[in-house]
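Raw upload-v3.cif, mmCIF, C-alpha atoms:
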data_target
#
loop_
_atom_site.label_atom_id
_atom_site.label_comp_id
_atom_site.auth_asym_id
_atom_site.auth_seq_id
_atom_site.Cartn_x
_atom_site.Cartn_y
_atom_site.Cartn_z
CA MET A 1 0.00 0.00 0.00
CA SER A 2 1.38 3.41 -0.94
CA ALA A 3 2.08 5.99 1.77
CA ALA A 4 -0.43 8.40 0.23
CA LYS A 5 -3.20 5.78 0.22
CA PHE A 6 -2.41 4.79 3.81
CA LEU A 7 -2.60 8.43 4.94
CA ALA A 8 -5.91 8.90 3.14
CA ILE A 9 -7.41 5.85 4.86
CA ALA A 10 -6.05 6.97 8.23
CA ALA A 11 -7.54 10.43 7.76
CA LEU A 12 -10.90 8.91 6.83
CA LEU A 13 -10.87 6.66 9.90
CA THR A 14 -9.96 9.61 12.12
CA ALA A 15 -12.78 11.74 10.72
CA THR A 16 -15.26 8.89 11.08
CA HIS A 17 -14.17 8.24 14.66
CA ALA A 18 -14.37 11.94 15.56
CA GLN A 19 -17.95 12.07 14.31
CA ARG A 20 -19.10 8.88 16.01
CA PHE A 21 -21.94 10.77 17.71
CA PRO A 22 -22.35 13.95 15.64
CA ASN A 23 -25.80 14.64 17.13
CA GLU A 24 -24.87 14.01 20.76
CA ASP A 25 -26.40 16.18 23.48
CA LEU A 26 -25.18 16.88 26.99
CA ILE A 27 -27.91 18.27 29.21
CA LEU A 28 -27.07 20.06 32.44
CA ALA A 29 -30.10 19.54 34.64
CA ASP A 30 -31.43 20.85 37.94
CA CYS A 31 -33.35 18.13 39.77
CA GLY A 32 -35.86 18.02 42.58
CA ILE A 33 -37.05 21.61 42.22
CA GLY A 34 -39.87 22.05 44.72
CA ASP A 35 -38.91 19.03 46.83
CA ASN A 36 -37.37 21.17 49.58
CA PRO A 37 -40.33 22.68 51.48
CA GLU A 38 -38.15 25.36 53.07
CA HIS A 39 -36.76 26.48 49.70
CA PRO A 40 -39.28 25.47 47.02
CA LYS A 41 -37.36 27.20 44.20
CA TRP A 42 -34.11 25.36 44.93
CA SER A 43 -32.96 22.13 43.32
CA THR A 44 -32.06 19.20 45.56
CA SER A 45 -29.53 17.71 43.12
CA ARG A 46 -27.93 18.36 39.75
CA GLN A 47 -26.82 15.99 37.02
CA MET A 48 -25.39 15.65 33.52
CA ASN A 49 -27.44 13.62 31.03
CA TRP A 50 -25.81 12.39 27.82
CA TYR A 51 -27.80 11.40 24.72
CA LYS A 52 -26.68 10.06 21.37
CA ASP A 53 -29.39 12.24 19.81
CA ILE A 54 -32.21 13.56 21.97
CA LYS A 55 -35.65 13.87 20.39
CA TRP A 56 -37.69 16.62 22.01
CA PRO A 57 -41.44 15.96 22.29
CA GLU A 58 -43.77 18.55 20.76
CA ASP A 59 -45.42 18.97 24.16
CA ALA A 60 -43.09 21.00 26.40
CA TYR A 61 -44.02 19.03 29.50
CA LYS A 62 -43.64 15.51 28.14
CA TYR A 63 -40.42 13.62 28.77
CA PRO A 64 -37.98 12.72 26.00
CA ASP A 65 -36.54 9.22 26.04
CA ALA A 66 -34.30 8.39 28.98
CA PRO A 67 -30.66 9.50 28.67
CA ASP A 68 -28.10 7.00 27.40
CA MET A 69 -25.88 7.93 30.37
CA ALA A 70 -26.24 10.15 33.41
CA VAL A 71 -24.15 11.18 36.40
CA GLU A 72 -24.90 13.26 39.49
CA ILE A 73 -22.88 16.45 40.03
CA PRO A 74 -21.86 17.14 43.65
CA PHE A 75 -22.72 20.48 45.21
CA ARG A 76 -19.09 21.14 46.19
CA GLY A 77 -18.49 23.92 48.68
CA GLY A 78 -22.13 24.97 48.50
CA LYS A 79 -21.63 26.24 44.94
CA TYR A 80 -24.11 25.82 42.13
CA PRO A 81 -22.12 23.73 39.60
CA TRP A 82 -23.12 25.43 36.33
CA ILE A 83 -20.65 28.32 36.66
CA PRO A 84 -17.68 29.75 34.70
CA GLU A 85 -15.14 27.86 36.84
CA GLY A 86 -16.47 24.62 35.38
CA ALA A 87 -18.07 21.40 36.58
CA THR A 88 -16.44 18.06 35.75
CA ALA A 89 -17.98 14.58 35.81
CA ARG A 90 -17.06 11.09 34.63
CA MET A 91 -19.75 9.20 32.77
CA PRO A 92 -20.35 5.47 33.42
CA ASN A 93 -18.34 4.60 30.28
CA GLY A 94 -15.33 6.55 31.55
CA ASN A 95 -15.73 9.66 29.38
CA VAL A 96 -15.00 12.87 31.27
CA TRP A 97 -16.98 16.03 30.53
CA THR A 98 -16.40 19.55 31.84
CA ALA A 99 -18.99 22.30 31.38
CA TYR A 100 -18.01 25.98 31.62
CA ILE A 101 -21.19 28.02 32.02
CA GLU A 102 -22.14 31.65 32.62
CA ASP A 103 -25.15 30.83 34.78
CA SER A 104 -26.98 34.17 34.53
CA THR A 105 -27.25 33.96 30.73
CA PRO A 106 -30.87 34.54 29.62
CA ASP A 107 -32.70 31.67 27.95
CA GLY A 108 -32.12 31.11 24.27
CA PHE A 109 -28.54 32.41 24.25
CA LYS A 110 -25.17 30.71 24.27
CA ALA A 111 -24.02 30.31 27.86
CA GLY A 112 -20.72 28.47 27.53
CA SER A 113 -19.04 25.29 26.34
CA ALA A 114 -18.71 21.64 27.31
CA VAL A 115 -15.45 19.85 26.53
CA THR A 116 -14.22 16.28 26.67
CA THR A 117 -11.00 14.49 25.75
CA LYS A 118 -12.88 11.56 24.18
CA GLU A 119 -12.30 10.86 20.50
CA GLY A 120 -9.31 13.16 20.37
CA GLY A 121 -11.13 16.09 22.00
CA GLN A 122 -14.62 17.43 21.48
CA MET A 123 -16.32 20.73 22.29
CA LEU A 124 -20.05 21.44 22.39
CA ASN A 125 -21.95 24.72 22.47
CA CYS A 126 -24.08 25.15 25.61
CA TRP A 127 -27.36 27.06 25.48
CA ALA A 128 -29.45 28.47 28.33
CA TYR A 129 -32.66 26.44 28.09
CA ARG A 130 -34.49 26.29 31.39
CA GLY A 131 -37.75 24.69 32.34
CA ARG A 132 -38.35 21.42 30.44
CA PRO A 133 -38.71 18.12 32.30
CA VAL A 134 -36.04 15.83 30.93
CA SER A 135 -35.62 12.74 33.14
CA ALA A 136 -35.94 11.16 36.55
CA ALA A 137 -33.32 12.20 39.09
CA LEU A 138 -30.54 9.84 40.15
CA ASN A 139 -30.66 11.30 43.65
CA LYS A 140 -33.92 10.25 45.29
CA THR A 141 -33.06 11.30 48.85
CA ALA A 142 -35.58 14.15 49.03
CA ASN A 143 -38.18 12.55 46.77
CA ALA A 144 -38.25 9.06 45.27
CA GLU A 145 -39.94 10.53 42.20
CA ALA A 146 -37.71 13.59 41.82
CA VAL A 147 -37.70 15.13 38.34
CA CYS A 148 -34.80 16.75 36.49
CA TRP A 149 -35.44 19.95 34.54
CA THR A 150 -33.26 21.43 31.82
CA ALA A 151 -30.93 24.26 32.79
CA PHE A 152 -28.48 24.21 29.86
CA VAL A 153 -28.37 22.10 26.68
CA CYS A 154 -25.01 21.42 25.02
CA ASN A 155 -24.77 20.29 21.39
CA ARG A 156 -23.14 21.11 18.05
CA ASP A 157 -25.97 23.36 16.88
CA ASP A 158 -25.64 27.07 16.23
CA GLN A 159 -28.76 27.96 18.20
CA ALA A 160 -30.73 26.81 21.22
CA PRO A 161 -33.41 24.12 20.85
CA PRO A 162 -36.80 25.57 19.88
CA ARG A 163 -39.26 26.37 22.64
CA PRO A 164 -42.72 24.81 22.18
CA ASP A 165 -45.67 27.19 22.31
CA ASP A 166 -46.89 25.70 25.58
CA MET A 167 -43.52 26.26 27.25
CA GLY A 168 -44.43 29.87 27.97
CA SER A 169 -42.08 32.82 28.21
CA HIS A 170 -38.36 32.68 28.88
CA SER A 171 -37.53 31.77 32.45
CA SER A 172 -34.41 32.30 34.51
CA THR A 173 -32.91 31.61 37.89
CA LEU A 174 -33.22 35.39 38.30
CA THR A 175 -36.96 35.70 38.73
CA THR A 176 -38.98 38.74 37.78
CA SER A 177 -40.03 40.85 40.75
CA PRO A 178 -43.49 42.44 40.98
CA ALA A 179 -41.88 45.55 42.48
CA PRO A 180 -41.69 48.76 40.39
CA PRO A 181 -38.82 48.60 37.88
CA ALA A 182 -36.61 51.09 39.68
CA THR A 183 -33.95 50.88 42.37
CA THR A 184 -31.88 53.58 44.00
CA ALA A 185 -28.42 53.66 45.59
CA ALA A 186 -26.57 56.68 46.93
CA SER A 187 -23.28 57.68 48.52
CA ARG A 188 -22.92 60.03 51.49
CA PRO A 189 -21.38 63.48 50.99
CA PRO A 190 -18.19 64.21 52.95
CA ALA A 191 -18.61 66.03 56.25
CA THR A 192 -18.11 69.79 55.91
CA PRO A 193 -17.82 72.35 58.73
CA ALA A 194 -20.77 74.71 59.20
CA PRO A 195 -19.98 78.29 58.09
CA ALA A 196 -19.48 80.75 60.96
CA PRO A 197 -21.34 84.08 60.95
CA THR A 198 -19.20 87.19 60.34
CA GLY A 199 -19.83 90.88 60.93
CA GLY A 200 -23.21 90.25 62.45
CA GLU A 201 -24.67 89.37 59.03
CA PRO A 202 -26.88 86.26 58.80
CA VAL A 203 -25.25 83.31 57.11
CA PRO A 204 -27.03 82.46 53.85
CA THR A 205 -28.61 79.02 53.84
CA PRO A 206 -26.54 76.78 51.57
CA ASP A 207 -28.33 75.04 48.72
CA PRO A 208 -28.66 71.42 49.90
CA ASN A 209 -28.43 70.24 46.29
CA ILE A 210 -25.01 71.72 45.60
CA GLY A 211 -22.60 68.89 44.77
CA LYS A 212 -25.35 66.35 44.11
CA LEU A 213 -25.24 64.23 40.97
CA PHE A 214 -28.22 62.16 39.87
CA VAL A 215 -27.59 59.32 37.43
CA SER A 216 -30.47 57.52 35.75
CA THR A 217 -29.98 54.28 33.85
CA ALA A 218 -32.32 52.48 31.48
CA VAL A 219 -31.84 48.89 30.31
CA SER A 220 -33.73 46.89 27.71
CA PRO A 221 -35.01 43.55 29.06
CA ARG A 222 -34.32 41.96 25.68
CA PHE A 223 -30.84 40.66 24.94
CA LEU A 224 -28.43 40.63 22.03
CA ASN A 225 -25.42 38.45 21.20
CA TRP A 226 -22.30 40.58 20.63
CA PRO A 227 -19.89 38.17 18.87
CA SER A 228 -16.63 39.56 20.23
CA THR A 229 -15.02 40.66 23.48
CA TRP A 230 -16.48 43.28 25.83
CA GLN A 231 -13.34 45.37 25.40
CA ALA A 232 -13.90 45.39 21.63
CA PHE A 233 -17.39 46.79 22.19
CA ILE A 234 -16.21 49.47 24.62
CA GLU A 235 -13.61 50.59 22.10
CA LYS A 236 -16.46 51.50 19.74
CA PHE A 237 -17.19 54.49 22.01
CA SER A 238 -14.60 56.75 20.40
CA TRP A 239 -15.04 60.39 21.37
CA ASP A 240 -13.67 63.85 20.69
CA ARG A 241 -11.95 65.42 23.69
CA GLY A 242 -12.68 68.92 22.41
CA THR A 243 -16.47 68.53 22.22
CA GLY A 244 -16.83 65.63 24.65
CA LYS A 245 -19.10 63.87 22.16
CA CYS A 246 -18.95 60.40 20.65
CA VAL A 247 -17.81 60.30 17.04
CA ALA A 248 -18.31 56.56 16.53
CA GLU A 249 -19.89 55.14 13.40
CA PRO A 250 -22.88 52.78 13.72
CA ILE A 251 -21.80 49.20 14.43
CA LYS A 252 -23.03 46.79 11.74
CA GLY A 253 -23.71 43.23 12.87
CA ASP A 254 -25.34 40.17 11.36
CA GLY A 255 -28.89 41.44 10.83
CA TYR A 256 -28.65 44.41 13.17
CA THR A 257 -27.08 47.83 13.70
CA ILE A 258 -25.96 49.25 17.06
CA ASN A 259 -25.94 53.04 17.36
CA VAL A 260 -23.81 54.64 20.08
CA GLU A 261 -24.03 58.13 21.56
CA CYS A 262 -22.23 59.95 24.36
CA ALA A 263 -21.39 63.44 25.56
CA GLY A 264 -20.21 65.04 28.77
CA ILE A 265 -18.67 68.07 30.40
CA GLN A 266 -15.07 68.65 31.36
CA ILE A 267 -14.76 68.05 35.13
CA ASP A 268 -11.24 69.43 35.56
CA SER A 269 -7.96 69.42 33.69
CA ASP A 270 -7.58 65.68 34.23
CA SER A 271 -11.17 64.39 34.22
CA HIS A 272 -13.94 64.31 31.65
CA LEU A 273 -17.47 63.05 32.31
CA THR A 274 -17.62 61.33 28.92
CA LEU A 275 -14.67 59.13 29.85
CA ILE A 276 -16.12 58.54 33.33
CA MET A 277 -19.39 57.29 31.82
CA ILE A 278 -17.56 55.02 29.39
CA LYS A 279 -15.65 53.60 32.37
CA ALA A 280 -18.95 53.05 34.18
CA LEU A 281 -20.32 51.04 31.25
CA HIS A 282 -17.05 49.10 30.96
CA ASP A 283 -17.12 48.11 34.63
CA ILE A 284 -20.84 47.25 34.62
CA GLY A 285 -20.14 44.89 31.73
CA LEU A 286 -17.43 43.13 33.73
CA ASN A 287 -19.51 42.74 36.88
CA SER A 288 -23.26 42.86 36.29
CA THR A 289 -25.46 39.88 35.42
CA TRP A 290 -27.04 42.07 32.74
CA PHE A 291 -23.86 41.37 30.75
CA ASN A 292 -22.76 37.75 30.35
CA GLN A 293 -19.40 36.99 28.75
CA ASN A 294 -18.15 33.69 27.47
CA PRO A 295 -16.50 31.56 30.18
CA THR A 296 -12.83 30.88 29.59
CA VAL A 297 -12.10 27.31 28.56
CA PRO A 298 -8.62 26.23 29.74
CA GLY A 299 -6.33 25.62 26.81
CA GLN A 300 -7.90 28.37 24.75
CA ASN A 301 -5.47 31.22 25.29
CA SER A 302 -7.09 34.65 25.38
CA SER A 303 -4.52 35.84 22.84
CA ASN A 304 -5.50 33.06 20.46
CA THR A 305 -7.34 34.73 17.58
CA THR A 306 -9.26 31.50 16.87
CA ALA A 307 -10.75 31.39 20.37
CA GLU A 308 -14.44 32.25 20.40
CA HIS A 309 -15.68 35.28 22.31
CA TRP A 310 -19.15 36.66 22.87
CA VAL A 311 -21.16 38.85 25.23
CA ILE A 312 -24.88 38.42 25.87
CA MET A 313 -25.97 41.97 26.66
CA PRO A 314 -29.09 44.17 26.67
CA GLU A 315 -29.98 45.37 23.19
CA ALA A 316 -30.24 48.94 24.56
CA PHE A 317 -28.65 50.74 27.50
CA SER A 318 -28.38 54.36 28.63
CA LEU A 319 -26.82 56.50 31.37
CA GLN A 320 -27.76 60.13 32.02
CA ALA A 321 -26.11 62.42 34.59
CA VAL A 322 -27.97 65.45 35.98
CA ASP A 323 -26.59 68.29 38.11
CA VAL A 324 -29.33 68.37 40.77
CA ALA A 325 -28.72 71.95 41.92
CA HIS A 326 -29.05 73.40 38.43
CA GLN A 327 -31.25 70.67 36.89
CA ASN A 328 -28.92 70.41 33.91
CA VAL A 329 -28.06 67.26 32.00
CA ILE A 330 -24.27 67.28 32.05
CA GLY A 331 -23.59 63.92 30.46
CA TYR A 332 -25.17 60.96 28.72
CA LEU A 333 -24.15 57.68 27.14
CA SER A 334 -26.26 55.16 25.27
CA TYR A 335 -26.39 52.42 22.70
CA ASN A 336 -29.44 50.96 21.00
CA THR A 337 -30.07 48.27 18.42
CA THR A 338 -32.14 48.30 15.25
CA TYR A 339 -32.82 45.14 13.27
CA ASP A 340 -32.84 44.56 9.54
CA ASN A 341 -35.91 42.34 9.73
CA PHE A 342 -38.93 41.85 11.96
CA LEU A 343 -38.20 39.64 14.97
CA SER A 344 -40.49 36.94 16.30
CA GLY A 345 -40.46 35.08 19.59
CA PRO A 346 -41.60 35.28 23.21
CA CYS A 347 -41.71 38.50 25.19
CA ALA A 348 -38.87 39.41 27.55
CA ALA A 349 -39.86 40.94 30.91
CA CYS A 350 -37.69 43.00 33.23
CA GLU A 351 -35.73 41.00 35.79
CA THR A 352 -35.21 43.58 38.52
CA LYS A 353 -32.97 41.28 40.57
CA ARG A 354 -30.24 42.04 38.05
CA PHE A 355 -30.25 45.59 39.48
CA ASN A 356 -28.03 44.70 42.42
CA LYS A 357 -24.73 45.69 44.01
CA GLN A 358 -22.81 44.39 40.99
CA PHE A 359 -24.81 46.82 38.83
CA PHE A 360 -24.87 49.93 41.04
CA GLY A 361 -21.38 49.58 42.50
CA PRO A 362 -19.44 50.19 39.26
CA ILE A 363 -21.56 53.27 38.48
CA LEU A 364 -21.05 54.80 41.92
CA ASP A 365 -17.33 54.05 41.85
CA ALA A 366 -16.95 55.65 38.42
CA MET A 367 -18.94 58.76 39.40
CA LYS A 368 -16.56 59.39 42.29
CA GLY A 369 -14.22 60.58 39.54
CA THR A 370 -16.27 63.81 39.48
CA TYR A 371 -15.13 64.75 43.04
CA PRO A 372 -14.84 67.46 44.35
CA LEU A 373 -17.18 69.11 41.83
CA TYR A 374 -19.75 66.53 42.91
CA ASN A 375 -19.65 64.77 46.24
CA SER A 376 -23.02 63.03 46.49
CA TYR A 377 -24.18 60.50 43.93
CA ASN A 378 -27.63 59.01 43.50
CA VAL A 379 -28.22 56.25 40.94
CA GLU A 380 -31.58 54.99 39.74
CA ALA A 381 -32.17 52.08 37.38
CA GLN A 382 -35.15 50.79 35.47
CA CYS A 383 -36.03 48.71 32.46
CA ASN A 384 -37.19 50.56 29.37
CA PRO A 385 -39.52 49.15 28.27
CA TRP A 386 -40.72 46.99 31.19
CA MET A 387 -41.49 44.21 28.70
CA ALA A 388 -40.15 43.83 25.16
CA CYS A 389 -41.95 41.67 22.60
CA LYS A 390 -40.24 40.74 19.35
#
In structure tokens, write the structure found in this file.
Amino acid sequence: MSAAKFLAIAALLTATHAQRFPNEDLILADCGIGDNPEHPKWSTSRQMNWYKDIKWPEDAYKYPDAPDMAVEIPFRGGKYPWIPEGATARMPNGNVWTAYIEDSTPDGFKAGSAVTTKEGGQMLNCWAYRGRPVSAALNKTANAEAVCWTAFVCNRDDQAPPRPDDMGSHSSTLTTSPAPPATTAASRPPATPAPAPTGGEPVPTPDPNIGKLFVSTAVSPRFLNWPSTWQAFIEKFSWDRGTGKCVAEPIKGDGYTINVECAGIQIDSDSHLTLIMIKALHDIGLNSTWFNQNPTVPGQNSSNTTAEHWVIMPEAFSLQAVDVAHQNVIGYLSYNTTYDNFLSGPCAACETKRFNKQFFGPILDAMKGTYPLYNSYNVEAQCNPWMACK
């Protein structure tokens, strides 16, 4: 046999072996939800289900066939396992899988990757897909009939599995609150000595609003997939130091356009509000669950240009800063998305629990860059609109 023919056969065998289960699915499931009477929204166990090729029933609440293999995932250190740090398990046949998940990713979007060393190394895309019953639970401690529900589905597809009509709206571990869609956080102004009267003249009453900065934020409850790094998106906010305004061109994506705007006043010789607001957005993106970036898979170096990056982020966002004493808008920053075609799909409602310390903290920290011109900062957040329907 010639060397060329041998290499061709070897390559064919390798390709065939690598695609032994081209339609395989790895489902990351939360089991026993509702079985803990003290915490009815918690799961009592978690597991990985592996399927050669899962067939989803048309009815959202009917079970697919049982998994070909399944393994329970320990709740190590009290941590939910579907997180960026990764969860590893060995299947009954010896195959080892590790799932790297950004757990606050909204349903329908890519949440991470699952990797295995089997067959020379495989990687699956993992999609947030919560709320379908998928199998019986291996752990029957809390309930002998415990059910596992989908949390994330990993496969080789380029989109999440379809959601049946009777599955309802997108769900999330971050539940929607019935409270008004606004939250406020504030810092305390520094202590200042009271002015002393001079010459017998009455001391004028100081304006209590001097030094106060009010920042309002608005976030779309509907999400968009930005197919690059967060830093690459922030760099789109190019601005002119002379005018303080953004000079960026619209960002063209696959089927959409993102328009960016910003402007701000000069704070002092070293500080500009435009740059402060860009920093606020940058830091929100790194910390808030409104912005979900791809988990890092070990072995994929961040400098590797072939490594995949994405950010699941609100399709619109805005910041506006108001000088309270003078009721002047002194700075604003925003981006919004327009689509080339009409969108269809379920409605997305505001999840106010995403407005938390990880959201407000970066804004407050950034606004401290306006000191001493401003020494008291109040931040309010809301969804706009409260519900977005495609």
Given all atoms listed in the file as the counted atoms, nearest of A:Val311, A:Ala232, A:Ala218, A:Ile278 to Glu102 (chain A): A:Val311
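Note that CA of Gly77 (chain A) and CA of Asp35 (chain A) are 21.1 Å apart.
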Exercise: Trp386 (chain A) partners within 8 Å, all atoms listed in the file, chain neighbours under 5 positions left out, as a list in words: Pro181, Ser220, Pro221, Ala349 and Cys350 of chain A
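Between CA of Thr243 (chain A) and CA of Ile265 (chain A) the separation is 8.5 Å.
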Enclose the full set of atoms of region 75-92 of chain A listed in the file within a box whose edges lie along x, y and z, apply 4 Å of padding to each of the six sides, and report centre and edge lengths in Å to one decimal as lines of an AutoDock Vina configuration file.
center_x = -19.6
center_y = 17.6
center_z = 40.7
size_x = 17.0
size_y = 32.3
size_z = 23.9
For Asn259 (chain A), the nearest of the candidates A:Asn143, A:Thr274, A:Thr296, A:Ser334, counting all atoms listed in the file: A:Ser334
